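J.: Pasting in a structure now, in structure tokens, and then I'll have a few things to ask.
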Amino acid sequence: MSEKILILGGTNEAAKLASDLVDAGYDVTTSLAGRTKEPEPVKGAVRIGGFGGSEGLANYIRQHAIARMIDATHPFARQISLNAKRAAEMAQIPLERQERPPWQPHKDDRWVEVETLEAARDTIPPKAKVLLALGSQHIDLFRTREDVHFIVRMVDPPKQDLPLKHHSLVLGKPPSDAAAEVLLFKTHDITHIVCRNSGGSGAYAKIEAARKLGLPVIMVARP
Ligand code: NAP
């Protein structure tokens, strides 16, 4: 019997890793937090939802006889990575971390690099039209900027009204094509992008589009 591997997922890289390991004959389960209604299909077994902190995760590992855990979560998903470290220690199994490198600025990029989301909010100039490329849980922080028009992109419709005075909602996954992002930026007269330095190719089109249009990107650095 092959060893059981638990991948903490929710990223394209985690899905690719699951596919490679399943093809190599491993018994793989990918864990998703359950944030998206219809997640992309993942090869192997999938479980969905929180574990109940590091102790819950350690219990899951013991109950399912997991031999190895791979944390391939998003670089800004800090809590689950912290829980994974503690749980691996408690359950005494090896933990690997797969983290994509951050994006590096190109010579034609106009990045304003900041340390926190609060600093990003305070850096937006008055009356800007901003693509807010952030998870829905971070939007509330921007409610005080009543002078700014936000363009918010979400995969699933929000469960309640967005707490922003002026905003437009764009539903759907971010395109992987810079031309599609250029069109969106032009349609909404976007003047600034606010995003985090996630790295990877999946969300890079907006960075390329901003470069093409010469738009400033307020880039939140890795924690
Ligand atoms: P987080 O703040 O680090 O985690 C919050 C809680 O959500 C965790 O304590 C855990 O709950 C649960 N959780 C997170 N990831 C999980 C997973 N893969 N499987 C089971 N439970 C998980 O995480 P987040 O920033 O909300 O991100 C949630 C998920 O979305 C992650 O899987 C991440 O890879 C993916 N994602 C995040 C971002 C982002 O910008 N943060 C972007 C793209 C994808 P319990 O304590 O109850 O176990």
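Every chain in the structure tokens takes a letter, A first, then B, and so on in the order presented; its residues are numbered from 1, and the ligands are numbered from 1 following the presented order.
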Please identify every residue of chain A that has at least one atom no farther than 7 Å from an atom of ligand 1, counting only C-alpha atoms and all ligand atoms, and for each give the shortest atom pair and the distance in Å to one decimal, arranged by chain then increasing number, as a Markdown table.

T.:
```
| residue | atom | partner | partner_atom_place_in_ligand_line | distance |
| --- | --- | --- | --- | --- |
| A:Leu8 | CA | ligand 1 | 18 (N) | 4.3 |
| A:Gly9 | CA | ligand 1 | 18 (N) | 4.5 |
| A:Gly10 | CA | ligand 1 | 34 (O) | 3.9 |
| A:Thr11 | CA | ligand 1 | 34 (O) | 5.3 |
| A:Ser31 | CA | ligand 1 | 19 (N) | 4.3 |
| A:Leu32 | CA | ligand 1 | 19 (N) | 4.0 |
| A:Ala33 | CA | ligand 1 | 22 (C) | 3.8 |
| A:Arg35 | CA | ligand 1 | 30 (O) | 6.3 |
| A:Ile48 | CA | ligand 1 | 20 (C) | 6.3 |
| A:Gly49 | CA | ligand 1 | 20 (C) | 5.0 |
| A:Gly50 | CA | ligand 1 | 47 (O) | 3.4 |
| A:Phe51 | CA | ligand 1 | 48 (O) | 3.5 |
| A:Gly52 | CA | ligand 1 | 47 (O) | 3.4 |
| A:Gly53 | CA | ligand 1 | 46 (O) | 3.4 |
| A:Ser54 | CA | ligand 1 | 46 (O) | 6.5 |
| A:Gly56 | CA | ligand 1 | 48 (O) | 6.7 |
| A:Leu57 | CA | ligand 1 | 48 (O) | 6.4 |
| A:Ala72 | CA | ligand 1 | 34 (O) | 6.8 |
| A:Thr73 | CA | ligand 1 | 34 (O) | 3.4 |
| A:His74 | CA | ligand 1 | 34 (O) | 3.9 |
| A:Phe76 | CA | ligand 1 | 41 (N) | 4.7 |
| A:Ala77 | CA | ligand 1 | 3 (O) | 3.4 |
| A:Arg78 | CA | ligand 1 | 3 (O) | 4.2 |
| A:Gln79 | CA | ligand 1 | 3 (O) | 3.5 |
| A:Ile80 | CA | ligand 1 | 3 (O) | 3.9 |
| A:Ser81 | CA | ligand 1 | 3 (O) | 6.2 |
| A:Asn83 | CA | ligand 1 | 9 (O) | 6.8 |
| A:Leu134 | CA | ligand 1 | 40 (O) | 6.6 |
| A:Gly135 | CA | ligand 1 | 40 (O) | 5.6 |
```

J.: Counting only C-alpha atoms, what is within 7 Å of A:Ala133, bar same-chain residues fewer than 4 positions away, as an NGL selection string?

T.: :A and (152-153 or 194-195)

J.: For A:Val114, work out the shell of residues within 12 Å, counting only C-alpha atoms and skipping chain neighbours fewer than 3 positions away, then give it as a list of chain:residue names.

T.: A:Trp111, A:Leu117, A:Glu118, A:Ala119, A:Ala120, A:Arg121, A:Asp122, A:Thr123, A:Ile124, A:Val194, A:Cys195, A:Arg196, A:Asn197, A:Val217, A:Ile218, A:Met219, A:Val220, A:Ala221, A:Arg222, A:Pro223

J.: Can those selected residues be exported to a file as a short mmCIF file (atom, residue, chain, number, x, y, z; two decimals), in the first residue's frame so that it contains all heavy atoms?

T.:
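The new file out28.cif reads:
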```
data_model
loop_
_atom_site.label_atom_id
_atom_site.label_comp_id
_atom_site.auth_asym_id
_atom_site.auth_seq_id
_atom_site.Cartn_x
_atom_site.Cartn_y
_atom_site.Cartn_z
N TRP A 111 5.19 50.02 -9.65
CA TRP A 111 4.68 49.48 -8.39
C TRP A 111 4.95 50.45 -7.25
O TRP A 111 6.02 51.06 -7.17
CB TRP A 111 5.41 48.18 -8.02
CG TRP A 111 5.07 46.99 -8.86
CD1 TRP A 111 4.34 46.96 -10.02
CD2 TRP A 111 5.48 45.64 -8.61
NE1 TRP A 111 4.27 45.68 -10.48
CE2 TRP A 111 4.96 44.85 -9.65
CE3 TRP A 111 6.23 45.04 -7.61
CZ2 TRP A 111 5.17 43.47 -9.70
CZ3 TRP A 111 6.45 43.67 -7.67
CH2 TRP A 111 5.92 42.89 -8.70
N LEU A 117 -2.16 45.78 4.12
CA LEU A 117 -3.38 46.21 3.41
C LEU A 117 -3.81 47.60 3.87
O LEU A 117 -4.31 48.40 3.08
CB LEU A 117 -4.50 45.21 3.68
CG LEU A 117 -4.39 43.87 2.94
CD1 LEU A 117 -5.36 42.86 3.51
CD2 LEU A 117 -4.65 44.07 1.45
N GLU A 118 -3.58 47.90 5.15
CA GLU A 118 -3.92 49.24 5.67
C GLU A 118 -3.11 50.30 4.94
O GLU A 118 -3.62 51.34 4.55
CB GLU A 118 -3.64 49.33 7.19
CG GLU A 118 -4.61 48.58 8.08
CD GLU A 118 -4.34 47.07 8.15
OE1 GLU A 118 -3.40 46.58 7.50
OE2 GLU A 118 -5.11 46.39 8.86
N ALA A 119 -1.81 49.99 4.74
CA ALA A 119 -0.95 50.95 4.04
C ALA A 119 -1.41 51.09 2.58
O ALA A 119 -1.38 52.19 2.01
CB ALA A 119 0.51 50.49 4.10
N ALA A 120 -1.86 49.98 1.98
CA ALA A 120 -2.37 50.04 0.60
C ALA A 120 -3.57 50.98 0.54
O ALA A 120 -3.66 51.84 -0.33
CB ALA A 120 -2.76 48.64 0.12
N ARG A 121 -4.47 50.80 1.49
CA ARG A 121 -5.67 51.65 1.54
C ARG A 121 -5.29 53.12 1.64
O ARG A 121 -5.83 53.97 0.94
CB ARG A 121 -6.52 51.25 2.76
CG ARG A 121 -7.73 52.10 3.00
CD ARG A 121 -8.25 51.88 4.40
NE ARG A 121 -7.25 52.24 5.41
CZ ARG A 121 -7.25 51.79 6.66
NH1 ARG A 121 -8.19 50.97 7.06
NH2 ARG A 121 -6.31 52.16 7.52
N ASP A 122 -4.31 53.42 2.49
CA ASP A 122 -3.95 54.81 2.73
C ASP A 122 -3.12 55.40 1.58
O ASP A 122 -2.93 56.61 1.52
CB ASP A 122 -3.20 54.92 4.06
CG ASP A 122 -4.07 54.45 5.22
OD1 ASP A 122 -5.31 54.39 5.04
OD2 ASP A 122 -3.52 54.14 6.30
N THR A 123 -2.61 54.54 0.71
CA THR A 123 -1.78 55.01 -0.40
C THR A 123 -2.64 55.40 -1.62
O THR A 123 -2.18 56.14 -2.49
CB THR A 123 -0.79 53.87 -0.80
OG1 THR A 123 0.00 53.56 0.34
CG2 THR A 123 0.13 54.26 -1.93
N ILE A 124 -3.87 54.92 -1.68
CA ILE A 124 -4.73 55.22 -2.84
C ILE A 124 -4.98 56.73 -2.90
O ILE A 124 -5.41 57.31 -1.90
CB ILE A 124 -6.08 54.48 -2.73
CG1 ILE A 124 -5.88 52.96 -2.63
CG2 ILE A 124 -6.98 54.82 -3.91
CD1 ILE A 124 -7.16 52.19 -2.30
N VAL A 194 -4.94 47.50 -6.72
CA VAL A 194 -4.45 47.11 -5.38
C VAL A 194 -4.44 45.59 -5.33
O VAL A 194 -5.47 44.95 -5.58
CB VAL A 194 -5.33 47.67 -4.26
CG1 VAL A 194 -4.98 47.03 -2.92
CG2 VAL A 194 -5.19 49.18 -4.15
N CYS A 195 -3.28 45.01 -5.07
CA CYS A 195 -3.23 43.54 -4.97
C CYS A 195 -2.09 43.13 -4.05
O CYS A 195 -1.31 43.97 -3.60
CB CYS A 195 -3.06 42.91 -6.35
SG CYS A 195 -1.50 43.26 -7.13
N ARG A 196 -2.01 41.84 -3.78
CA ARG A 196 -0.92 41.32 -2.95
C ARG A 196 0.06 40.57 -3.83
O ARG A 196 -0.33 40.05 -4.88
CB ARG A 196 -1.51 40.41 -1.87
CG ARG A 196 -2.37 41.21 -0.91
CD ARG A 196 -3.05 40.35 0.09
NE ARG A 196 -3.86 39.36 -0.58
CZ ARG A 196 -4.47 38.36 0.04
NH1 ARG A 196 -4.36 38.24 1.34
NH2 ARG A 196 -5.19 37.50 -0.61
N ASN A 197 1.28 40.49 -3.38
CA ASN A 197 2.31 39.84 -4.20
C ASN A 197 2.18 38.32 -4.06
O ASN A 197 2.97 37.67 -3.38
CB ASN A 197 3.71 40.32 -3.84
CG ASN A 197 4.69 39.94 -4.92
OD1 ASN A 197 4.45 38.99 -5.67
ND2 ASN A 197 5.79 40.66 -5.02
N VAL A 217 0.50 50.07 -9.64
CA VAL A 217 0.01 48.92 -8.88
C VAL A 217 0.45 49.11 -7.43
O VAL A 217 1.65 49.20 -7.15
CB VAL A 217 0.61 47.59 -9.42
CG1 VAL A 217 0.17 46.41 -8.55
CG2 VAL A 217 0.19 47.36 -10.86
N ILE A 218 -0.50 49.18 -6.53
CA ILE A 218 -0.17 49.26 -5.10
C ILE A 218 -0.06 47.80 -4.63
O ILE A 218 -1.06 47.08 -4.53
CB ILE A 218 -1.23 50.05 -4.33
CG1 ILE A 218 -1.34 51.47 -4.93
CG2 ILE A 218 -0.91 50.11 -2.84
CD1 ILE A 218 -2.50 52.29 -4.40
N MET A 219 1.18 47.39 -4.42
CA MET A 219 1.48 45.96 -4.23
C MET A 219 1.80 45.67 -2.76
O MET A 219 2.77 46.22 -2.21
CB MET A 219 2.69 45.62 -5.11
CG MET A 219 3.18 44.21 -5.03
SD MET A 219 2.05 43.05 -5.80
CE MET A 219 2.47 43.27 -7.53
N VAL A 220 1.00 44.85 -2.14
CA VAL A 220 1.25 44.48 -0.74
C VAL A 220 2.27 43.34 -0.72
O VAL A 220 2.08 42.31 -1.37
CB VAL A 220 -0.06 44.04 -0.04
CG1 VAL A 220 0.19 43.70 1.42
CG2 VAL A 220 -1.13 45.12 -0.17
N ALA A 221 3.35 43.55 0.03
CA ALA A 221 4.44 42.58 0.08
C ALA A 221 4.02 41.32 0.83
O ALA A 221 3.03 41.32 1.58
CB ALA A 221 5.64 43.20 0.77
N ARG A 222 4.79 40.26 0.67
CA ARG A 222 4.56 39.01 1.43
C ARG A 222 4.63 39.29 2.93
O ARG A 222 5.48 40.08 3.36
CB ARG A 222 5.65 37.99 1.08
CG ARG A 222 5.57 37.42 -0.31
CD ARG A 222 4.47 36.39 -0.40
NE ARG A 222 4.26 35.95 -1.76
CZ ARG A 222 4.86 34.89 -2.33
NH1 ARG A 222 5.73 34.18 -1.66
NH2 ARG A 222 4.57 34.55 -3.55
N PRO A 223 3.80 38.61 3.72
CA PRO A 223 3.89 38.82 5.17
C PRO A 223 5.22 38.34 5.72
O PRO A 223 5.84 37.49 5.15
CB PRO A 223 2.75 37.98 5.73
CG PRO A 223 2.13 37.23 4.62
CD PRO A 223 2.78 37.62 3.33
#
```

J.: Please identify the strand (DSSP E) residues within stretch 40-143 of chain A (assignment by DSSP from backbone atoms) and present them as a ChimeraX atom specification.

T.: /A:45-48,68-71,95-97,110-114,129-133

J.: Write the residues you've just listed into a file as a PDB file, in the first residue's frame, and include N, CA, C and O atoms for each of them.

T.:
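Listed below is the output, part_38.pdb:
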```
ATOM      1  N   ALA A  45      -8.444  12.104  -3.884  1.00  0.00           N
ATOM      2  CA  ALA A  45      -9.554  12.403  -2.978  1.00  0.00           C
ATOM      3  C   ALA A  45      -9.518  13.880  -2.576  1.00  0.00           C
ATOM      4  O   ALA A  45      -8.457  14.496  -2.562  1.00  0.00           O
ATOM      5  N   VAL A  46     -10.705  14.406  -2.262  1.00  0.00           N
ATOM      6  CA  VAL A  46     -10.798  15.808  -1.826  1.00  0.00           C
ATOM      7  C   VAL A  46     -11.658  15.857  -0.580  1.00  0.00           C
ATOM      8  O   VAL A  46     -12.686  15.183  -0.505  1.00  0.00           O
ATOM      9  N   ARG A  47     -11.218  16.616   0.409  1.00  0.00           N
ATOM     10  CA  ARG A  47     -12.065  16.891   1.573  1.00  0.00           C
ATOM     11  C   ARG A  47     -12.202  18.406   1.689  1.00  0.00           C
ATOM     12  O   ARG A  47     -11.276  19.138   1.322  1.00  0.00           O
ATOM     13  N   ILE A  48     -13.344  18.841   2.197  1.00  0.00           N
ATOM     14  CA  ILE A  48     -13.601  20.288   2.189  1.00  0.00           C
ATOM     15  C   ILE A  48     -14.009  20.777   3.579  1.00  0.00           C
ATOM     16  O   ILE A  48     -14.814  20.143   4.253  1.00  0.00           O
ATOM     17  N   ARG A  68       2.489  11.863   5.376  1.00  0.00           N
ATOM     18  CA  ARG A  68       3.222  13.059   4.937  1.00  0.00           C
ATOM     19  C   ARG A  68       2.219  14.151   4.637  1.00  0.00           C
ATOM     20  O   ARG A  68       1.160  13.866   4.079  1.00  0.00           O
ATOM     21  N   MET A  69       2.595  15.391   4.957  1.00  0.00           N
ATOM     22  CA  MET A  69       1.682  16.501   4.634  1.00  0.00           C
ATOM     23  C   MET A  69       2.459  17.517   3.799  1.00  0.00           C
ATOM     24  O   MET A  69       3.640  17.785   4.067  1.00  0.00           O
ATOM     25  N   ILE A  70       1.784  18.055   2.792  1.00  0.00           N
ATOM     26  CA  ILE A  70       2.409  19.087   1.964  1.00  0.00           C
ATOM     27  C   ILE A  70       1.528  20.330   2.016  1.00  0.00           C
ATOM     28  O   ILE A  70       0.350  20.283   1.651  1.00  0.00           O
ATOM     29  N   ASP A  71       2.102  21.410   2.498  1.00  0.00           N
ATOM     30  CA  ASP A  71       1.366  22.670   2.571  1.00  0.00           C
ATOM     31  C   ASP A  71       1.618  23.431   1.279  1.00  0.00           C
ATOM     32  O   ASP A  71       2.682  24.007   1.077  1.00  0.00           O
ATOM     33  N   LEU A  95       6.474  17.518   7.266  1.00  0.00           N
ATOM     34  CA  LEU A  95       5.710  18.562   6.557  1.00  0.00           C
ATOM     35  C   LEU A  95       6.621  19.223   5.544  1.00  0.00           C
ATOM     36  O   LEU A  95       7.747  19.612   5.860  1.00  0.00           O
ATOM     37  N   GLU A  96       6.122  19.334   4.315  1.00  0.00           N
ATOM     38  CA  GLU A  96       6.865  20.107   3.306  1.00  0.00           C
ATOM     39  C   GLU A  96       6.041  21.340   2.982  1.00  0.00           C
ATOM     40  O   GLU A  96       4.815  21.282   2.985  1.00  0.00           O
ATOM     41  N   ARG A  97       6.737  22.430   2.683  1.00  0.00           N
ATOM     42  CA  ARG A  97       6.038  23.652   2.273  1.00  0.00           C
ATOM     43  C   ARG A  97       6.389  23.936   0.823  1.00  0.00           C
ATOM     44  O   ARG A  97       7.569  23.951   0.460  1.00  0.00           O
ATOM     45  N   ARG A 110       5.023  50.072 -12.679  1.00  0.00           N
ATOM     46  CA  ARG A 110       4.955  51.213 -11.748  1.00  0.00           C
ATOM     47  C   ARG A 110       4.351  50.695 -10.448  1.00  0.00           C
ATOM     48  O   ARG A 110       3.161  50.853 -10.212  1.00  0.00           O
ATOM     49  N   TRP A 111       5.188  50.024  -9.652  1.00  0.00           N
ATOM     50  CA  TRP A 111       4.681  49.476  -8.395  1.00  0.00           C
ATOM     51  C   TRP A 111       4.948  50.452  -7.248  1.00  0.00           C
ATOM     52  O   TRP A 111       6.017  51.059  -7.172  1.00  0.00           O
ATOM     53  N   VAL A 112       3.966  50.536  -6.361  1.00  0.00           N
ATOM     54  CA  VAL A 112       4.187  51.202  -5.079  1.00  0.00           C
ATOM     55  C   VAL A 112       4.105  50.062  -4.072  1.00  0.00           C
ATOM     56  O   VAL A 112       3.030  49.487  -3.879  1.00  0.00           O
ATOM     57  N   GLU A 113       5.248  49.682  -3.507  1.00  0.00           N
ATOM     58  CA  GLU A 113       5.232  48.518  -2.618  1.00  0.00           C
ATOM     59  C   GLU A 113       4.942  48.946  -1.186  1.00  0.00           C
ATOM     60  O   GLU A 113       5.556  49.889  -0.681  1.00  0.00           O
ATOM     61  N   VAL A 114       3.994  48.253  -0.560  1.00  0.00           N
ATOM     62  CA  VAL A 114       3.609  48.556   0.824  1.00  0.00           C
ATOM     63  C   VAL A 114       3.633  47.254   1.635  1.00  0.00           C
ATOM     64  O   VAL A 114       3.617  46.167   1.070  1.00  0.00           O
ATOM     65  N   LYS A 129      -9.934  55.279  -9.343  1.00  0.00           N
ATOM     66  CA  LYS A 129     -10.816  54.142  -9.679  1.00  0.00           C
ATOM     67  C   LYS A 129      -9.942  52.898  -9.600  1.00  0.00           C
ATOM     68  O   LYS A 129      -9.009  52.728 -10.395  1.00  0.00           O
ATOM     69  N   VAL A 130     -10.229  52.083  -8.613  1.00  0.00           N
ATOM     70  CA  VAL A 130      -9.270  51.051  -8.196  1.00  0.00           C
ATOM     71  C   VAL A 130      -9.800  49.639  -8.399  1.00  0.00           C
ATOM     72  O   VAL A 130     -10.890  49.313  -7.921  1.00  0.00           O
ATOM     73  N   LEU A 131      -9.023  48.825  -9.092  1.00  0.00           N
ATOM     74  CA  LEU A 131      -9.335  47.383  -9.091  1.00  0.00           C
ATOM     75  C   LEU A 131      -8.811  46.819  -7.781  1.00  0.00           C
ATOM     76  O   LEU A 131      -7.605  46.847  -7.501  1.00  0.00           O
ATOM     77  N   LEU A 132      -9.751  46.317  -6.966  1.00  0.00           N
ATOM     78  CA  LEU A 132      -9.379  45.740  -5.672  1.00  0.00           C
ATOM     79  C   LEU A 132      -9.296  44.228  -5.864  1.00  0.00           C
ATOM     80  O   LEU A 132     -10.297  43.524  -5.825  1.00  0.00           O
ATOM     81  N   ALA A 133      -8.077  43.743  -6.118  1.00  0.00           N
ATOM     82  CA  ALA A 133      -7.912  42.320  -6.431  1.00  0.00           C
ATOM     83  C   ALA A 133      -7.537  41.569  -5.156  1.00  0.00           C
ATOM     84  O   ALA A 133      -6.400  41.133  -4.981  1.00  0.00           O
TER      85      ALA A 133
END
```

J.: Hey, what's within 8 Å of A:Ala128 if we count only C-alpha atoms and toss same-chain stuff fewer than 3 positions away? As a ChimeraX atom specification, please?

T.: /A:124-125,147-149,190-192

J.: Return the single residue from A:Leu183, A:Ala178, A:Ile5, A:Ala14 that is closest to A:Ala203, with distances computed using only C-alpha atoms.

T.: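 Nearest to A:Ala203: A:Ala178.
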
J.: Would you mind telling me which residue in A:Lys107, A:Pro94, A:Lys37, A:Gly214 lies nearest to A:Lys159 when using only C-alpha atoms?

T.: A:Lys37

J.: Which residue, A:Ala65, A:Ala179, A:Ala15, A:Leu6, has the smallest gap to A:Ala84 when you use only C-alpha atoms?

T.: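 Distance minimum relative to A:Ala84 lands on A:Leu6.
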
J.: Give me, as a ChimeraX atom specification, all polymer residues having an atom no more than 6 Å from stretch 165-168 of chain A, counting only C-alpha atoms and skipping those fewer than 3 positions away in the same chain.

T.: /A:146,149-151

J.: For the residues in that selection, give me N, CA and C atoms as a PDB file, in the first residue's frame.

T.:
```
ATOM      1  N   GLU A 146     -14.385  56.596   1.127  1.00  0.00           N
ATOM      2  CA  GLU A 146     -15.644  56.912   0.456  1.00  0.00           C
ATOM      3  C   GLU A 146     -15.422  57.768  -0.787  1.00  0.00           C
ATOM      4  N   HIS A 149     -13.697  54.998  -6.068  1.00  0.00           N
ATOM      5  CA  HIS A 149     -14.601  54.012  -6.689  1.00  0.00           C
ATOM      6  C   HIS A 149     -13.830  52.699  -6.841  1.00  0.00           C
ATOM      7  N   PHE A 150     -14.365  51.645  -6.259  1.00  0.00           N
ATOM      8  CA  PHE A 150     -13.685  50.347  -6.301  1.00  0.00           C
ATOM      9  C   PHE A 150     -14.352  49.425  -7.331  1.00  0.00           C
ATOM     10  N   ILE A 151     -13.530  48.723  -8.066  1.00  0.00           N
ATOM     11  CA  ILE A 151     -14.017  47.659  -8.943  1.00  0.00           C
ATOM     12  C   ILE A 151     -13.595  46.370  -8.250  1.00  0.00           C
TER      13      ILE A 151
END
```

J.: List every residue of stretch 139-204 of chain A that DSSP, applied to the backbone of this structure, assigns to alpha helix (DSSP H), and report them as a list in words.

T.: Ala178, Ala179, Ala180, Glu181, Val182, Leu183, Leu184, Phe185, Lys186 and Thr187 of chain A

J.: Take the residues that were just selected and, keeping C-alpha atoms, output them as a CSV table (one decimal), in the first residue's frame.

T.:
```
chain,number,residue,atom,x,y,z
A,178,ALA,CA,-3.5,40.2,-20.3
A,179,ALA,CA,-5.6,41.5,-23.3
A,180,ALA,CA,-8.8,40.6,-21.4
A,181,GLU,CA,-7.5,42.5,-18.3
A,182,VAL,CA,-6.6,45.6,-20.5
A,183,LEU,CA,-10.2,45.6,-21.8
A,184,LEU,CA,-11.6,45.4,-18.3
A,185,PHE,CA,-9.3,48.2,-17.1
A,186,LYS,CA,-10.3,50.4,-20.0
A,187,THR,CA,-14.1,49.6,-19.7
```

J.: I'd like the neighbourhood of A:Asn12 as a short mmCIF file (atom, residue, chain, number, x, y, z; two decimals) with N, CA and C atoms, in the first residue's frame, where a residue qualifies if any of its atoms comes within 10 Å (using only C-alpha atoms), though same-chain residues fewer than 5 positions away should be ignored.

T.:
```cif
data_model
loop_
_atom_site.label_atom_id
_atom_site.label_comp_id
_atom_site.auth_asym_id
_atom_site.auth_seq_id
_atom_site.Cartn_x
_atom_site.Cartn_y
_atom_site.Cartn_z
N LEU A 17 0.22 19.47 -8.22
CA LEU A 17 0.97 18.53 -7.38
C LEU A 17 0.15 17.26 -7.13
N ALA A 18 -1.14 17.44 -6.80
CA ALA A 18 -2.02 16.29 -6.56
C ALA A 18 -2.05 15.40 -7.80
N GLU A 40 -12.33 24.09 -8.77
CA GLU A 40 -11.83 23.35 -9.93
C GLU A 40 -11.63 21.89 -9.52
N VAL A 42 -10.00 18.36 -8.76
CA VAL A 42 -8.64 17.98 -8.32
C VAL A 42 -8.54 16.47 -8.38
N ALA A 72 0.61 23.39 0.40
CA ALA A 72 0.73 24.09 -0.89
C ALA A 72 -0.33 25.19 -0.95
N THR A 73 -0.64 25.77 0.22
CA THR A 73 -1.67 26.81 0.26
C THR A 73 -1.09 28.13 -0.26
N HIS A 74 -1.99 29.08 -0.42
CA HIS A 74 -1.62 30.40 -0.95
C HIS A 74 -0.64 31.08 0.01
N GLY A 200 3.18 33.42 -8.95
CA GLY A 200 2.48 32.45 -9.78
C GLY A 200 1.94 33.07 -11.06
N SER A 201 1.44 32.20 -11.94
CA SER A 201 1.00 32.70 -13.25
C SER A 201 -0.50 32.98 -13.28
N GLY A 202 -1.26 32.33 -12.39
CA GLY A 202 -2.73 32.41 -12.44
C GLY A 202 -3.28 33.82 -12.35
#
```

J.: Would you mind telling me which residue in A:Ala88, A:Gly172, A:Pro126, A:Ile193 lies nearest to A:Leu213 when using only C-alpha atoms?

T.: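 The closest residue to A:Leu213 is A:Ile193.
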